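Asks: What follows is target09.pdb, PDB, C-alpha atoms.
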MODEL        1
ATOM      1  CA  MET A  14      61.152 110.138  41.945
ATOM      2  CA  PRO A  15      64.286 109.935  44.124
ATOM      3  CA  LEU A  16      64.166 108.930  47.773
ATOM      4  CA  LYS A  17      64.692 111.961  50.048
ATOM      5  CA  ILE A  18      67.326 111.394  52.733
ATOM      6  CA  THR A  19      68.803 113.155  55.749
ATOM      7  CA  LEU A  20      72.325 111.862  56.380
ATOM      8  CA  VAL A  21      73.512 111.992  59.996
ATOM      9  CA  GLY A  22      77.173 111.196  60.491
ATOM     10  CA  SER A  23      80.779 112.250  60.641
ATOM     11  CA  ARG A  24      84.345 111.738  59.532
ATOM     12  CA  PHE A  25      85.670 109.603  56.706
ATOM     13  CA  PHE A  26      82.885 107.019  56.768
ATOM     14  CA  GLY A  27      80.141 109.650  56.719
ATOM     15  CA  ALA A  28      81.819 111.386  53.760
ATOM     16  CA  ALA A  29      82.258 108.044  51.942
ATOM     17  CA  VAL A  30      78.558 107.242  52.424
ATOM     18  CA  LEU A  31      77.645 110.695  51.098
ATOM     19  CA  ASP A  32      79.832 110.170  48.033
ATOM     20  CA  LYS A  33      78.025 106.873  47.368
ATOM     21  CA  LEU A  34      74.556 108.351  47.939
ATOM     22  CA  VAL A  35      75.072 111.090  45.355
ATOM     23  CA  THR A  36      75.782 108.428  42.712
ATOM     24  CA  VAL A  37      72.433 106.634  43.160
ATOM     25  CA  ASP A  38      68.832 107.727  42.720
ATOM     26  CA  VAL A  39      68.383 109.572  46.035
ATOM     27  CA  GLN A  40      68.228 113.217  47.033
ATOM     28  CA  VAL A  41      70.216 114.178  50.118
ATOM     29  CA  LEU A  42      68.154 117.006  51.605
ATOM     30  CA  ARG A  43      70.467 117.723  54.515
ATOM     31  CA  VAL A  44      73.610 116.503  56.221
ATOM     32  CA  VAL A  45      73.722 116.608  60.015
ATOM     33  CA  ALA A  46      77.306 116.754  61.297
ATOM     34  CA  PRO A  47      78.974 117.444  64.659
ATOM     35  CA  ALA A  48      81.194 120.353  63.560
ATOM     36  CA  ALA A  49      81.761 122.709  60.626
ATOM     37  CA  ASP A  50      85.288 121.357  60.096
ATOM     38  CA  ASP A  51      84.181 117.708  60.151
ATOM     39  CA  ARG A  52      85.101 115.808  56.980
ATOM     40  CA  LEU A  53      81.439 115.011  56.239
ATOM     41  CA  ALA A  54      80.356 118.641  56.665
ATOM     42  CA  LEU A  55      83.133 119.853  54.378
ATOM     43  CA  ARG A  56      82.253 117.263  51.715
ATOM     44  CA  ALA A  57      78.547 118.189  51.839
ATOM     45  CA  GLN A  58      79.404 121.882  51.468
ATOM     46  CA  ALA A  59      81.604 121.092  48.465
ATOM     47  CA  LEU A  60      78.656 119.246  46.888
ATOM     48  CA  GLY A  61      76.242 122.091  47.636
ATOM     49  CA  ILE A  62      74.213 120.070  50.154
ATOM     50  CA  PRO A  63      72.856 121.985  53.176
ATOM     51  CA  VAL A  64      74.675 121.208  56.441
ATOM     52  CA  HIS A  65      73.065 121.385  59.861
ATOM     53  CA  LEU A  66      75.449 121.370  62.822
ATOM     54  CA  GLN A  67      74.411 119.320  65.833
ATOM     55  CA  ARG A  68      73.748 121.383  68.930
ATOM     56  CA  ASP A  69      73.703 118.293  71.141
ATOM     57  CA  SER A  70      76.567 115.804  70.806
ATOM     58  CA  LYS A  71      74.528 112.988  72.376
ATOM     59  CA  ASN A  72      71.139 113.303  70.650
ATOM     60  CA  VAL A  73      69.782 114.187  67.218
ATOM     61  CA  PRO A  74      66.311 115.718  67.725
ATOM     62  CA  ALA A  75      63.519 115.907  65.156
ATOM     63  CA  THR A  76      64.383 119.552  64.443
ATOM     64  CA  ASP A  77      67.732 118.417  62.978
ATOM     65  CA  ILE A  78      65.999 116.243  60.354
ATOM     66  CA  ALA A  79      65.077 117.950  57.086
ATOM     67  CA  ASP A  80      61.378 118.408  56.345
ATOM     68  CA  ARG A  81      60.116 115.966  53.684
ATOM     69  CA  SER A  82      62.779 113.383  54.617
ATOM     70  CA  GLU A  83      61.679 109.876  53.771
ATOM     71  CA  LEU A  84      64.653 108.088  55.328
ATOM     72  CA  ILE A  85      67.380 108.916  57.838
ATOM     73  CA  VAL A  86      70.754 107.312  57.171
ATOM     74  CA  ALA A  87      73.193 107.254  60.105
ATOM     75  CA  ALA A  88      76.834 106.804  59.106
ATOM     76  CA  HIS A  89      79.393 107.079  61.921
ATOM     77  CA  THR A  90      77.428 109.041  64.443
ATOM     78  CA  HIS A  91      77.872 108.660  68.182
ATOM     79  CA  ALA A  92      74.687 110.629  68.825
ATOM     80  CA  ARG A  93      71.395 108.817  69.274
ATOM     81  CA  VAL A  94      68.752 109.726  66.713
ATOM     82  CA  THR A  95      65.683 110.283  68.901
ATOM     83  CA  ALA A  96      62.393 108.464  68.396
ATOM     84  CA  GLU A  97      60.782 111.775  67.397
ATOM     85  CA  ALA A  98      63.450 112.290  64.734
ATOM     86  CA  VAL A  99      62.968 108.768  63.365
ATOM     87  CA  ALA A 100      59.197 109.320  63.303
ATOM     88  CA  LYS A 101      59.675 112.488  61.240
ATOM     89  CA  ALA A 102      61.002 110.446  58.285
ATOM     90  CA  ARG A 103      58.300 108.487  56.451
ATOM     91  CA  LEU A 104      60.386 105.284  56.335
ATOM     92  CA  GLY A 105      62.213 105.779  59.636
ATOM     93  CA  GLY A 106      65.956 105.382  59.756
ATOM     94  CA  ILE A 107      68.810 102.950  59.240
ATOM     95  CA  GLY A 108      72.316 102.948  60.600
ATOM     96  CA  TYR A 109      75.571 101.108  60.061
ATOM     97  CA  HIS A 110      77.582  99.495  62.856
ATOM     98  CA  PRO A 111      81.042  97.934  62.313
ATOM     99  CA  SER A 112      80.269  94.632  64.031
ATOM    100  CA  LEU A 113      78.011  91.653  63.648
ATOM    101  CA  LEU A 114      75.315  92.951  65.962
ATOM    102  CA  PRO A 115      74.402  92.193  68.658
ATOM    103  CA  ARG A 116      78.060  91.431  69.349
ATOM    104  CA  HIS A 117      80.187  94.436  70.305
ATOM    105  CA  ARG A 118      77.476  97.066  70.509
ATOM    106  CA  GLY A 119      78.810 100.481  71.345
ATOM    107  CA  ILE A 120      81.495 102.914  70.398
ATOM    108  CA  ALA A 121      84.556 100.608  70.206
ATOM    109  CA  ALA A 122      83.290  97.666  68.141
ATOM    110  CA  VAL A 123      86.411  97.239  66.008
ATOM    111  CA  GLU A 124      88.701  97.460  69.036
ATOM    112  CA  TRP A 125      86.637  94.815  70.869
ATOM    113  CA  THR A 126      86.733  92.537  67.814
ATOM    114  CA  VAL A 127      90.550  92.688  67.917
ATOM    115  CA  LYS A 128      90.830  92.421  71.724
ATOM    116  CA  CYS A 129      88.558  89.389  71.770
ATOM    117  CA  GLY A 130      90.410  87.697  68.924
ATOM    118  CA  ASP A 131      87.177  87.144  67.036
ATOM    119  CA  PRO A 132      87.830  84.911  64.012
ATOM    120  CA  ILE A 133      85.238  86.795  61.980
ATOM    121  CA  ALA A 134      84.169  90.413  61.894
ATOM    122  CA  GLY A 135      81.616  92.273  59.888
ATOM    123  CA  GLY A 136      79.129  95.047  59.639
ATOM    124  CA  SER A 137      75.441  95.460  60.272
ATOM    125  CA  ILE A 138      72.789  97.709  58.805
ATOM    126  CA  TYR A 139      70.032  98.069  61.356
ATOM    127  CA  HIS A 140      66.826 100.011  61.895
ATOM    128  CA  LEU A 141      67.294 102.954  64.264
ATOM    129  CA  ALA A 142      65.655 102.300  67.622
ATOM    130  CA  GLU A 143      65.335 103.786  71.082
ATOM    131  CA  ARG A 144      68.589 102.143  72.235
ATOM    132  CA  MET A 145      71.897 102.592  70.412
ATOM    133  CA  ASP A 146      72.784  99.751  68.018
ATOM    134  CA  ALA A 147      69.731  97.790  69.178
ATOM    135  CA  GLY A 148      67.234  97.994  66.320
ATOM    136  CA  ALA A 149      66.166  95.146  64.090
ATOM    137  CA  ILE A 150      68.936  94.001  61.763
ATOM    138  CA  ALA A 151      68.258  94.704  58.090
ATOM    139  CA  ALA A 152      71.475  93.238  56.637
ATOM    140  CA  GLN A 153      74.860  91.875  57.686
ATOM    141  CA  ASP A 154      78.033  90.841  55.953
ATOM    142  CA  TRP A 155      81.167  89.298  57.394
ATOM    143  CA  CYS A 156      84.853  88.684  56.711
ATOM    144  CA  PHE A 157      87.673  86.768  58.360
ATOM    145  CA  ALA A 158      89.323  88.912  61.020
ATOM    146  CA  TRP A 159      92.119  86.732  62.292
ATOM    147  CA  ARG A 160      94.403  84.384  60.457
ATOM    148  CA  HIS A 161      95.322  81.311  62.472
ATOM    149  CA  ASN A 162      99.099  80.886  62.814
ATOM    150  CA  ARG A 163      99.656  77.302  61.591
ATOM    151  CA  ARG A 164     103.348  77.263  62.424
ATOM    152  CA  THR A 165     102.845  77.983  66.113
ATOM    153  CA  ASN A 166      99.286  76.630  66.196
ATOM    154  CA  SER A 167      98.255  79.819  67.974
ATOM    155  CA  SER A 168      95.237  81.999  67.864
ATOM    156  CA  PRO A 169      94.741  85.325  69.587
ATOM    157  CA  PRO A 170      93.986  85.059  73.299
ATOM    158  CA  ARG A 171      90.337  85.085  74.306
ATOM    159  CA  ARG A 172      89.257  87.111  77.300
ATOM    160  CA  ARG A 173      86.397  86.271  79.599
ATOM    161  CA  SER A 174      84.991  89.769  79.156
ATOM    162  CA  CYS A 175      84.393  89.169  75.449
ATOM    163  CA  THR A 176      80.821  87.980  75.671
ATOM    164  CA  PRO A 177      78.177  89.805  73.649
ATOM    165  CA  ARG A 178      76.898  92.907  75.396
ATOM    166  CA  SER A 179      73.159  93.484  75.493
TER     167      SER A 179
ENDMDL
END
Written as structure tokens, how would this file's structure read?

Replies:
Amino acid sequence: MPLKITLVGSRFFGAAVLDKLVTVDVQVLRVVAPAADDRLALRAQALGIPVHLQRDSKNVPATDIADRSELIVAAHTHARVTAEAVAKARLGGIGYHPSLLPRHRGIAAVEWTVKCGDPIAGGSIYHLAERMDAGAIAAQDWCFAWRHNRRTNSSPPRRRSCTPRS
């Protein structure tokens, strides 16, 4: 019996996650997207998956989550999935963040990785929690982000403000 999912997200990454989900043994009950012309919403419509448009750009309430959802998957959403919404899904929810959490929490993780000259970057899958990007980490993977210039023996400049944010 396939796992029943509500996908909350947007843009290219949300659509890419949806394309991957439809190839595995899950059933996407609903897609929650910020706008009808969002890439994720358009892809879900093309696949015949019901789309629910967010009424609140900052929060995803329980009413946005499909009944019978077992898991919420958040893929490029800047809206917080409320505790009531997470509780509606039997297994709760997971999200993806493009940094090695807890470093660079927030909306501009990739930009901060570059600004700080971090030698490695990565992504985190985490359990949705009351605070954004603050849930328990389920998985992480990393890659090199900056290649040291051997000829000039230089690395990107480090800024004092590049300490992990809590």

Asks: Work out where the centre of an axis-aligned box around every listed atom of stretch 48-57 of chain A lies and how long its edges are once 8 Å is added on each side; give both in Å to one decimal as AutoDock Vina command-line options.

Replies:
--center_x 81.9 --center_y 118.9 --center_z 57.6 --size_x 22.7 --size_y 23.7 --size_z 27.8

Asks: Check which residues satisfy the PyMOL selection byres ((chain A and resi 153) around 12) in the file shown, then give them as a list in words.

Replies: Gly108, Tyr109, His110, Pro111, Ser112, Leu113, Leu114, Pro115, Ala134, Gly135, Gly136, Ser137, Ile138, Tyr139, Ala149, Ile150, Ala151, Ala152, Asp154, Trp155 and Cys156 of chain A

Asks: Please compute the atom CA of A:Ser82-atom CA of A:Gly106 distance, one decimal, in Å.

Replies: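 Spanning atom CA of A:Ser82 to atom CA of A:Gly106 is a straight-line distance of 10.0 Å.
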
Asks: Using all atoms listed in the file, which residue out of A:Leu104, A:Ala28, A:Met14, A:Val21 lies closest to A:Ala87?

Replies: A:Val21

Asks: Selected by the PyMOL selection byres ((chain A and resi 54) around 10) in the shown coordinates: which residues, as an mmCIF file with C-alpha atoms, keeping the file's coordinate frame?

Replies:
data_model
loop_
_atom_site.group_PDB
_atom_site.id
_atom_site.type_symbol
_atom_site.label_atom_id
_atom_site.label_comp_id
_atom_site.auth_asym_id
_atom_site.auth_seq_id
_atom_site.Cartn_x
_atom_site.Cartn_y
_atom_site.Cartn_z
ATOM 1 C CA GLY A 22 77.173 111.196 60.491
ATOM 2 C CA SER A 23 80.779 112.250 60.641
ATOM 3 C CA ARG A 24 84.345 111.738 59.532
ATOM 4 C CA GLY A 27 80.141 109.650 56.719
ATOM 5 C CA ALA A 28 81.819 111.386 53.760
ATOM 6 C CA VAL A 44 73.610 116.503 56.221
ATOM 7 C CA VAL A 45 73.722 116.608 60.015
ATOM 8 C CA ALA A 46 77.306 116.754 61.297
ATOM 9 C CA PRO A 47 78.974 117.444 64.659
ATOM 10 C CA ALA A 48 81.194 120.353 63.560
ATOM 11 C CA ALA A 49 81.761 122.709 60.626
ATOM 12 C CA ASP A 50 85.288 121.357 60.096
ATOM 13 C CA ASP A 51 84.181 117.708 60.151
ATOM 14 C CA ARG A 52 85.101 115.808 56.980
ATOM 15 C CA LEU A 53 81.439 115.011 56.239
ATOM 16 C CA LEU A 55 83.133 119.853 54.378
ATOM 17 C CA ARG A 56 82.253 117.263 51.715
ATOM 18 C CA ALA A 57 78.547 118.189 51.839
ATOM 19 C CA GLN A 58 79.404 121.882 51.468
ATOM 20 C CA ALA A 59 81.604 121.092 48.465
ATOM 21 C CA LEU A 60 78.656 119.246 46.888
ATOM 22 C CA ILE A 62 74.213 120.070 50.154
ATOM 23 C CA PRO A 63 72.856 121.985 53.176
ATOM 24 C CA VAL A 64 74.675 121.208 56.441
ATOM 25 C CA HIS A 65 73.065 121.385 59.861
ATOM 26 C CA LEU A 66 75.449 121.370 62.822
#

Asks: In Å, rounded to a single decimal, give me how far atom CA of A:Val37 is from atom CA of A:His89.

Replies: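 Calculated distance between atom CA of A:His89 and atom CA of A:Val37 is 20.0 Å.
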
Asks: Since the input is missing atoms, can you rebuild N, CA and C atoms for stretch 86-104 of chain A and write them as a tab-separated table (two decimals), keeping the file's coordinate frame?

Replies:
chain	number	residue	atom	x	y	z
A	86	VAL	N	69.62	108.23	57.26
A	86	VAL	CA	70.75	107.31	57.17
A	86	VAL	C	71.80	107.79	58.16
A	87	ALA	N	72.18	106.93	59.10
A	87	ALA	CA	73.19	107.25	60.10
A	87	ALA	C	74.49	106.55	59.73
A	88	ALA	N	75.54	107.35	59.52
A	88	ALA	CA	76.83	106.80	59.11
A	88	ALA	C	77.94	107.41	59.96
A	89	HIS	N	78.38	106.67	60.95
A	89	HIS	CA	79.39	107.08	61.92
A	89	HIS	C	78.93	108.28	62.75
A	90	THR	N	77.88	108.05	63.48
A	90	THR	CA	77.43	109.04	64.44
A	90	THR	C	77.42	108.40	65.82
A	91	HIS	N	77.90	109.14	66.80
A	91	HIS	CA	77.87	108.66	68.18
A	91	HIS	C	76.70	109.27	68.94
A	92	ALA	N	75.88	110.03	68.23
A	92	ALA	CA	74.69	110.63	68.82
A	92	ALA	C	73.49	109.74	68.51
A	93	ARG	N	72.61	109.62	69.47
A	93	ARG	CA	71.40	108.82	69.27
A	93	ARG	C	70.37	109.64	68.51
A	94	VAL	N	69.83	109.08	67.46
A	94	VAL	CA	68.75	109.73	66.71
A	94	VAL	C	67.47	109.43	67.50
A	95	THR	N	66.83	110.47	68.01
A	95	THR	CA	65.68	110.28	68.90
A	95	THR	C	64.50	109.65	68.18
A	96	ALA	N	63.60	109.08	68.96
A	96	ALA	CA	62.39	108.46	68.40
A	96	ALA	C	61.57	109.48	67.62
A	97	GLU	N	61.52	110.72	68.10
A	97	GLU	CA	60.78	111.78	67.40
A	97	GLU	C	61.42	112.08	66.05
A	98	ALA	N	62.75	112.05	66.00
A	98	ALA	CA	63.45	112.29	64.73
A	98	ALA	C	63.17	111.16	63.75
A	99	VAL	N	63.23	109.92	64.22
A	99	VAL	CA	62.97	108.77	63.36
A	99	VAL	C	61.53	108.83	62.84
A	100	ALA	N	60.60	109.24	63.71
A	100	ALA	CA	59.20	109.32	63.30
A	100	ALA	C	58.96	110.41	62.26
A	101	LYS	N	59.84	111.39	62.21
A	101	LYS	CA	59.68	112.49	61.24
A	101	LYS	C	59.90	112.01	59.80
A	102	ALA	N	60.73	110.99	59.63
A	102	ALA	CA	61.00	110.45	58.28
A	102	ALA	C	59.98	109.35	57.99
A	103	ARG	N	59.37	109.41	56.84
A	103	ARG	CA	58.30	108.49	56.45
A	103	ARG	C	58.69	107.02	56.61
A	104	LEU	N	59.93	106.67	56.27
A	104	LEU	CA	60.39	105.28	56.34
A	104	LEU	C	61.24	105.00	57.56
